[in-house]
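Listing of coords-v3.txt, compact mmCIF, N, CA, C and O atoms
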# COMPACT_ATOMS: atom_id res chain seq x y z
N MET A 44 11.90 6.72 138.54
CA MET A 44 13.03 5.94 139.02
C MET A 44 12.57 4.78 139.88
O MET A 44 13.12 3.70 139.79
N GLU A 45 11.56 5.04 140.72
CA GLU A 45 11.06 3.96 141.57
C GLU A 45 10.51 2.81 140.75
O GLU A 45 10.70 1.66 141.11
N ALA A 46 9.83 3.14 139.65
CA ALA A 46 9.28 2.09 138.79
C ALA A 46 10.40 1.23 138.22
O ALA A 46 10.29 0.00 138.19
N LEU A 47 11.49 1.88 137.78
CA LEU A 47 12.61 1.11 137.23
C LEU A 47 13.25 0.23 138.30
O LEU A 47 13.61 -0.91 138.02
N GLN A 48 13.39 0.76 139.50
CA GLN A 48 13.97 -0.03 140.58
C GLN A 48 13.07 -1.23 140.88
O GLN A 48 13.56 -2.31 141.17
N SER A 49 11.78 -1.04 140.78
CA SER A 49 10.84 -2.13 140.99
C SER A 49 11.03 -3.21 139.92
O SER A 49 11.00 -4.40 140.21
N PHE A 50 11.24 -2.78 138.67
CA PHE A 50 11.49 -3.74 137.59
C PHE A 50 12.79 -4.50 137.85
O PHE A 50 12.87 -5.71 137.60
N ILE A 51 13.80 -3.82 138.35
CA ILE A 51 15.07 -4.48 138.66
C ILE A 51 14.85 -5.55 139.72
O ILE A 51 15.37 -6.66 139.61
N GLU A 52 14.08 -5.23 140.73
CA GLU A 52 13.78 -6.21 141.78
C GLU A 52 13.03 -7.40 141.21
O GLU A 52 13.29 -8.55 141.58
N GLN A 53 12.13 -7.15 140.28
CA GLN A 53 11.38 -8.24 139.65
C GLN A 53 12.30 -9.10 138.78
O GLN A 53 12.14 -10.32 138.71
N ILE A 54 13.24 -8.46 138.11
CA ILE A 54 14.21 -9.21 137.30
C ILE A 54 15.06 -10.09 138.21
O ILE A 54 15.30 -11.27 137.91
N LYS A 55 15.53 -9.53 139.32
CA LYS A 55 16.32 -10.31 140.29
C LYS A 55 15.53 -11.52 140.76
O LYS A 55 16.07 -12.63 140.84
N ALA A 56 14.27 -11.30 141.10
CA ALA A 56 13.43 -12.39 141.59
C ALA A 56 13.24 -13.45 140.51
O ALA A 56 13.30 -14.66 140.80
N ALA A 57 13.04 -13.02 139.28
CA ALA A 57 12.85 -13.97 138.18
C ALA A 57 14.11 -14.81 137.97
O ALA A 57 14.02 -16.02 137.75
N ILE A 58 15.27 -14.18 138.07
CA ILE A 58 16.53 -14.92 137.94
C ILE A 58 16.66 -15.91 139.09
O ILE A 58 17.01 -17.08 138.88
N SER A 59 16.38 -15.46 140.29
CA SER A 59 16.46 -16.34 141.47
C SER A 59 15.50 -17.52 141.37
O SER A 59 15.79 -18.61 141.84
N ASP A 60 14.34 -17.27 140.75
CA ASP A 60 13.33 -18.33 140.59
C ASP A 60 13.66 -19.28 139.45
O ASP A 60 12.93 -20.23 139.20
N GLY A 61 14.75 -19.01 138.74
CA GLY A 61 15.17 -19.89 137.65
C GLY A 61 14.41 -19.67 136.35
O GLY A 61 14.40 -20.55 135.49
N LYS A 62 13.81 -18.51 136.18
CA LYS A 62 13.09 -18.23 134.94
C LYS A 62 14.07 -18.20 133.77
O LYS A 62 15.23 -17.82 133.92
N SER A 63 13.60 -18.60 132.61
CA SER A 63 14.45 -18.61 131.42
C SER A 63 14.64 -17.19 130.89
O SER A 63 13.89 -16.27 131.24
N ASP A 64 15.63 -17.04 130.02
CA ASP A 64 15.86 -15.76 129.36
C ASP A 64 14.59 -15.29 128.67
O ASP A 64 14.23 -14.12 128.72
N GLU A 65 13.94 -16.23 127.99
CA GLU A 65 12.73 -15.89 127.23
C GLU A 65 11.63 -15.38 128.15
O GLU A 65 10.96 -14.39 127.83
N GLU A 66 11.43 -16.05 129.28
CA GLU A 66 10.39 -15.61 130.22
C GLU A 66 10.70 -14.21 130.76
O GLU A 66 9.80 -13.36 130.85
N ILE A 67 11.95 -13.97 131.07
CA ILE A 67 12.32 -12.65 131.60
C ILE A 67 12.20 -11.60 130.49
O ILE A 67 11.73 -10.49 130.73
N PHE A 68 12.59 -11.96 129.28
CA PHE A 68 12.50 -10.99 128.19
C PHE A 68 11.05 -10.63 127.90
O PHE A 68 10.76 -9.47 127.57
N GLN A 69 10.14 -11.57 128.02
CA GLN A 69 8.72 -11.26 127.81
C GLN A 69 8.27 -10.19 128.79
O GLN A 69 7.51 -9.30 128.45
N PHE A 70 8.75 -10.30 130.02
CA PHE A 70 8.46 -9.29 131.03
C PHE A 70 9.07 -7.96 130.63
O PHE A 70 8.44 -6.91 130.69
N LEU A 71 10.32 -7.98 130.17
CA LEU A 71 11.00 -6.75 129.75
C LEU A 71 10.35 -6.14 128.52
O LEU A 71 10.31 -4.92 128.37
N HIS A 72 9.85 -6.99 127.65
CA HIS A 72 9.20 -6.52 126.43
C HIS A 72 8.06 -5.56 126.77
O HIS A 72 7.85 -4.56 126.09
N GLN A 73 7.36 -5.88 127.83
CA GLN A 73 6.28 -5.02 128.31
C GLN A 73 6.81 -3.62 128.61
O GLN A 73 6.20 -2.62 128.22
N ILE A 74 7.95 -3.53 129.24
CA ILE A 74 8.55 -2.23 129.57
C ILE A 74 8.97 -1.51 128.29
O ILE A 74 8.75 -0.31 128.15
N LEU A 75 9.56 -2.25 127.38
CA LEU A 75 10.02 -1.66 126.12
C LEU A 75 8.86 -1.03 125.35
O LEU A 75 9.02 0.01 124.72
N GLU A 76 7.71 -1.66 125.41
CA GLU A 76 6.55 -1.15 124.71
C GLU A 76 5.92 0.04 125.43
O GLU A 76 5.52 1.00 124.81
N GLU A 77 5.85 -0.04 126.76
CA GLU A 77 5.18 1.00 127.54
C GLU A 77 5.99 2.29 127.67
O GLU A 77 5.43 3.37 127.64
N ASP A 78 7.29 2.15 127.86
CA ASP A 78 8.11 3.34 128.10
C ASP A 78 9.47 3.21 127.43
O ASP A 78 10.48 2.97 128.08
N PRO A 79 9.50 3.36 126.12
CA PRO A 79 10.77 3.19 125.40
C PRO A 79 11.85 4.19 125.80
O PRO A 79 13.03 3.93 125.60
N HIS A 80 11.47 5.31 126.39
CA HIS A 80 12.45 6.32 126.78
C HIS A 80 13.25 5.93 128.02
O HIS A 80 14.30 6.50 128.28
N SER A 81 12.76 4.95 128.77
CA SER A 81 13.47 4.55 129.99
C SER A 81 14.40 3.36 129.76
O SER A 81 15.05 2.91 130.70
N ILE A 82 14.50 2.91 128.53
CA ILE A 82 15.31 1.73 128.23
C ILE A 82 16.77 1.94 128.61
O ILE A 82 17.40 1.06 129.19
N GLY A 83 17.32 3.10 128.31
CA GLY A 83 18.73 3.37 128.62
C GLY A 83 18.99 3.29 130.12
O GLY A 83 19.95 2.67 130.55
N ARG A 84 18.13 3.90 130.90
CA ARG A 84 18.31 3.88 132.35
C ARG A 84 18.11 2.47 132.90
O ARG A 84 18.84 2.03 133.78
N LEU A 85 17.14 1.74 132.36
CA LEU A 85 16.93 0.36 132.78
C LEU A 85 18.17 -0.48 132.49
O LEU A 85 18.62 -1.26 133.33
N ALA A 86 18.76 -0.30 131.32
CA ALA A 86 19.97 -1.03 130.96
C ALA A 86 21.11 -0.71 131.92
O ALA A 86 21.85 -1.60 132.35
N GLU A 87 21.23 0.57 132.30
CA GLU A 87 22.27 0.97 133.26
C GLU A 87 22.09 0.26 134.60
O GLU A 87 23.07 -0.15 135.24
N LEU A 88 20.86 0.11 135.02
CA LEU A 88 20.59 -0.58 136.28
C LEU A 88 20.81 -2.08 136.15
O LEU A 88 21.29 -2.73 137.07
N MET A 89 20.47 -2.62 135.00
CA MET A 89 20.61 -4.07 134.80
C MET A 89 22.06 -4.53 134.82
O MET A 89 22.35 -5.63 135.30
N VAL A 90 22.97 -3.69 134.32
CA VAL A 90 24.38 -4.12 134.27
C VAL A 90 24.97 -4.32 135.66
O VAL A 90 26.02 -4.95 135.79
N THR A 91 24.29 -3.84 136.68
CA THR A 91 24.79 -4.04 138.04
C THR A 91 24.41 -5.41 138.60
O THR A 91 24.90 -5.79 139.66
N LEU A 92 23.57 -6.15 137.88
CA LEU A 92 23.14 -7.46 138.34
C LEU A 92 24.14 -8.52 137.89
O LEU A 92 24.42 -8.65 136.70
N PRO A 93 24.68 -9.26 138.84
CA PRO A 93 25.72 -10.25 138.50
C PRO A 93 25.15 -11.59 138.04
O PRO A 93 25.09 -12.56 138.80
N ASP A 94 24.73 -11.65 136.80
CA ASP A 94 24.22 -12.90 136.26
C ASP A 94 24.45 -12.92 134.76
O ASP A 94 24.32 -11.90 134.09
N ARG A 95 24.75 -14.09 134.22
CA ARG A 95 25.01 -14.22 132.78
C ARG A 95 23.80 -13.87 131.93
O ARG A 95 23.93 -13.42 130.81
N LYS A 96 22.63 -14.11 132.48
CA LYS A 96 21.41 -13.83 131.72
C LYS A 96 21.29 -12.35 131.38
O LYS A 96 20.70 -11.99 130.37
N ILE A 97 21.85 -11.51 132.22
CA ILE A 97 21.73 -10.07 132.01
C ILE A 97 22.33 -9.66 130.67
O ILE A 97 21.75 -8.89 129.92
N GLY A 98 23.50 -10.18 130.35
CA GLY A 98 24.13 -9.86 129.07
C GLY A 98 23.27 -10.26 127.89
O GLY A 98 23.11 -9.49 126.94
N ARG A 99 22.68 -11.44 127.97
CA ARG A 99 21.82 -11.90 126.87
C ARG A 99 20.55 -11.04 126.79
O ARG A 99 20.08 -10.72 125.69
N LEU A 100 20.02 -10.68 127.94
CA LEU A 100 18.82 -9.84 127.95
C LEU A 100 19.11 -8.45 127.39
O LEU A 100 18.31 -7.91 126.62
N LEU A 101 20.24 -7.89 127.78
CA LEU A 101 20.61 -6.58 127.25
C LEU A 101 20.79 -6.63 125.74
O LEU A 101 20.41 -5.70 125.03
N GLN A 102 21.38 -7.70 125.25
CA GLN A 102 21.56 -7.86 123.80
C GLN A 102 20.21 -7.89 123.10
O GLN A 102 20.01 -7.21 122.09
N ARG A 103 19.27 -8.63 123.65
CA ARG A 103 17.94 -8.70 123.04
C ARG A 103 17.24 -7.35 123.11
O ARG A 103 16.55 -6.96 122.16
N MET A 104 17.40 -6.65 124.23
CA MET A 104 16.80 -5.32 124.36
C MET A 104 17.37 -4.39 123.28
O MET A 104 16.64 -3.65 122.63
N PHE A 105 18.69 -4.44 123.11
CA PHE A 105 19.35 -3.61 122.10
C PHE A 105 18.82 -3.94 120.70
O PHE A 105 18.49 -3.04 119.93
N GLU A 106 18.75 -5.23 120.39
CA GLU A 106 18.26 -5.65 119.09
C GLU A 106 16.83 -5.17 118.87
O GLU A 106 16.47 -4.71 117.80
N ARG A 107 16.02 -5.28 119.90
CA ARG A 107 14.61 -4.87 119.80
C ARG A 107 14.50 -3.37 119.55
O ARG A 107 13.71 -2.94 118.71
N THR A 108 15.28 -2.58 120.26
CA THR A 108 15.19 -1.13 120.07
C THR A 108 15.73 -0.74 118.70
O THR A 108 15.21 0.17 118.06
N GLN A 109 16.76 -1.43 118.21
CA GLN A 109 17.28 -1.14 116.87
C GLN A 109 16.26 -1.50 115.82
O GLN A 109 16.10 -0.79 114.83
N ASP A 110 15.54 -2.63 116.01
CA ASP A 110 14.49 -3.01 115.08
C ASP A 110 13.41 -1.94 115.03
O ASP A 110 12.93 -1.59 113.96
N LYS A 111 13.04 -1.41 116.18
CA LYS A 111 12.01 -0.37 116.25
C LYS A 111 12.47 0.88 115.52
O LYS A 111 11.71 1.49 114.79
N LYS A 112 13.73 1.27 115.73
CA LYS A 112 14.26 2.45 115.05
C LYS A 112 14.25 2.25 113.54
O LYS A 112 13.92 3.15 112.78
N PHE A 113 14.60 1.04 113.11
CA PHE A 113 14.61 0.74 111.69
C PHE A 113 13.20 0.81 111.12
O PHE A 113 12.97 1.37 110.06
N GLU A 114 12.23 0.24 111.85
CA GLU A 114 10.85 0.27 111.39
C GLU A 114 10.36 1.71 111.23
O GLU A 114 9.73 2.05 110.24
N LYS A 115 10.69 2.55 112.20
CA LYS A 115 10.27 3.96 112.13
C LYS A 115 10.89 4.65 110.94
O LYS A 115 10.23 5.38 110.21
N SER A 116 12.18 4.43 110.71
CA SER A 116 12.85 5.10 109.59
C SER A 116 12.37 4.53 108.26
O SER A 116 12.29 5.25 107.27
N SER A 117 12.00 3.27 108.21
CA SER A 117 11.52 2.66 106.98
C SER A 117 10.12 3.17 106.63
O SER A 117 9.77 3.24 105.46
N ASN A 118 9.35 3.54 107.64
CA ASN A 118 7.99 4.01 107.40
C ASN A 118 7.92 5.51 107.18
O ASN A 118 6.85 6.04 106.90
N ALA A 119 9.05 6.19 107.30
CA ALA A 119 9.06 7.64 107.10
C ALA A 119 8.78 7.96 105.64
O ALA A 119 9.22 7.23 104.74
N PRO A 120 8.05 9.03 105.38
CA PRO A 120 7.78 9.41 103.98
C PRO A 120 9.07 9.72 103.24
O PRO A 120 9.98 10.31 103.80
N SER A 121 9.10 9.34 102.02
CA SER A 121 10.27 9.60 101.18
C SER A 121 10.35 11.08 100.82
O SER A 121 9.34 11.72 100.59
N THR A 122 11.57 11.58 100.78
CA THR A 122 11.77 12.98 100.42
C THR A 122 12.19 13.11 98.95
O THR A 122 12.63 14.17 98.53
N ASP A 123 12.10 12.02 98.19
CA ASP A 123 12.50 12.04 96.78
C ASP A 123 11.51 12.81 95.95
O ASP A 123 10.38 12.83 96.06

Could you show the structure in this file as C-alpha cells?
Amino acid sequence: MEALQSFIEQIKAAISDGKSDEEIFQFLHQILEEDPHSIGRLAELMVTLPDRKIGRLLQRMFERTQDKKFEKSSNAPSTD
C-alpha cells in the first residue's frame, strides 16, 4: 500500500510540474509491467485526484490491461 501511495504522490507531482499525459503514462507503464495485480487499487487511488488528466490516464491504463488480457488469451493453446 505504501508503494502505491508513493506512486500517487509522484503522479500528483508530475501533474503539478505540468508533465504531459504521455510522460505520466510512461511512468505508469512501469507500474503496469512490474505489478499488474495492483492496477485496480492504483486506479481506485487515482480517481481521488482532481485533474482531467486522471481520466485520460485511467482510460489508457484500462486499454493497456485489456490488450494484455487479449494477448494472453490469443496465445493460449487451442483446445480444438

Practice item. Quote the spacing between CA of Leu85 (chain A) and CA of Arg99 (chain A) in Å to one decimal place. Key: 14.5 Å

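Taking atom O of Arg107 (chain A) and CA of Glu65 (chain A) as endpoints, the distance between them is 15.5 Å.
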
Box time for region 106-110 of chain A: axis-aligned, enclosing all its listed atoms, 4 Å extra on each side; report centre and edge lengths in Å to one decimal, as lines of an AutoDock Vina configuration file.
center_x = 15.8
center_y = -2.7
center_z = 117.2
size_x = 13.8
size_y = 13.8
size_z = 14.4

Revision key, fill the gap. One decimal place gives the atom C of Ser81 (chain A)-atom N of Gln48 (chain A) separation as 10.1 Å

Exercise for review: Pick out each residue of region 49-89 of chain A that DSSP on the backbone tags as alpha helix (DSSP H); I need them as a ChimeraX atom specification.
Suggested key: /A:49-59,64-77,82-89

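If only C-alpha atoms are the atoms counted, then among A:Ser59, A:Arg84, A:Lys96, A:Phe50 the closest residue to Leu71 (chain A) is A:Phe50.
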
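Among A:Thr108, A:Glu45, A:Asp60, A:Pro93, the residue with the shortest atom-to-atom distance to Pro79 (chain A), counting only C-alpha atoms, is A:Thr108.
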
Revision key, fill the gap. Counting only C-alpha atoms, the residue among A:Gln109, A:Ile82, A:Leu92, A:Arg103 that lies closest to Asp64 (chain A) is A:Arg103
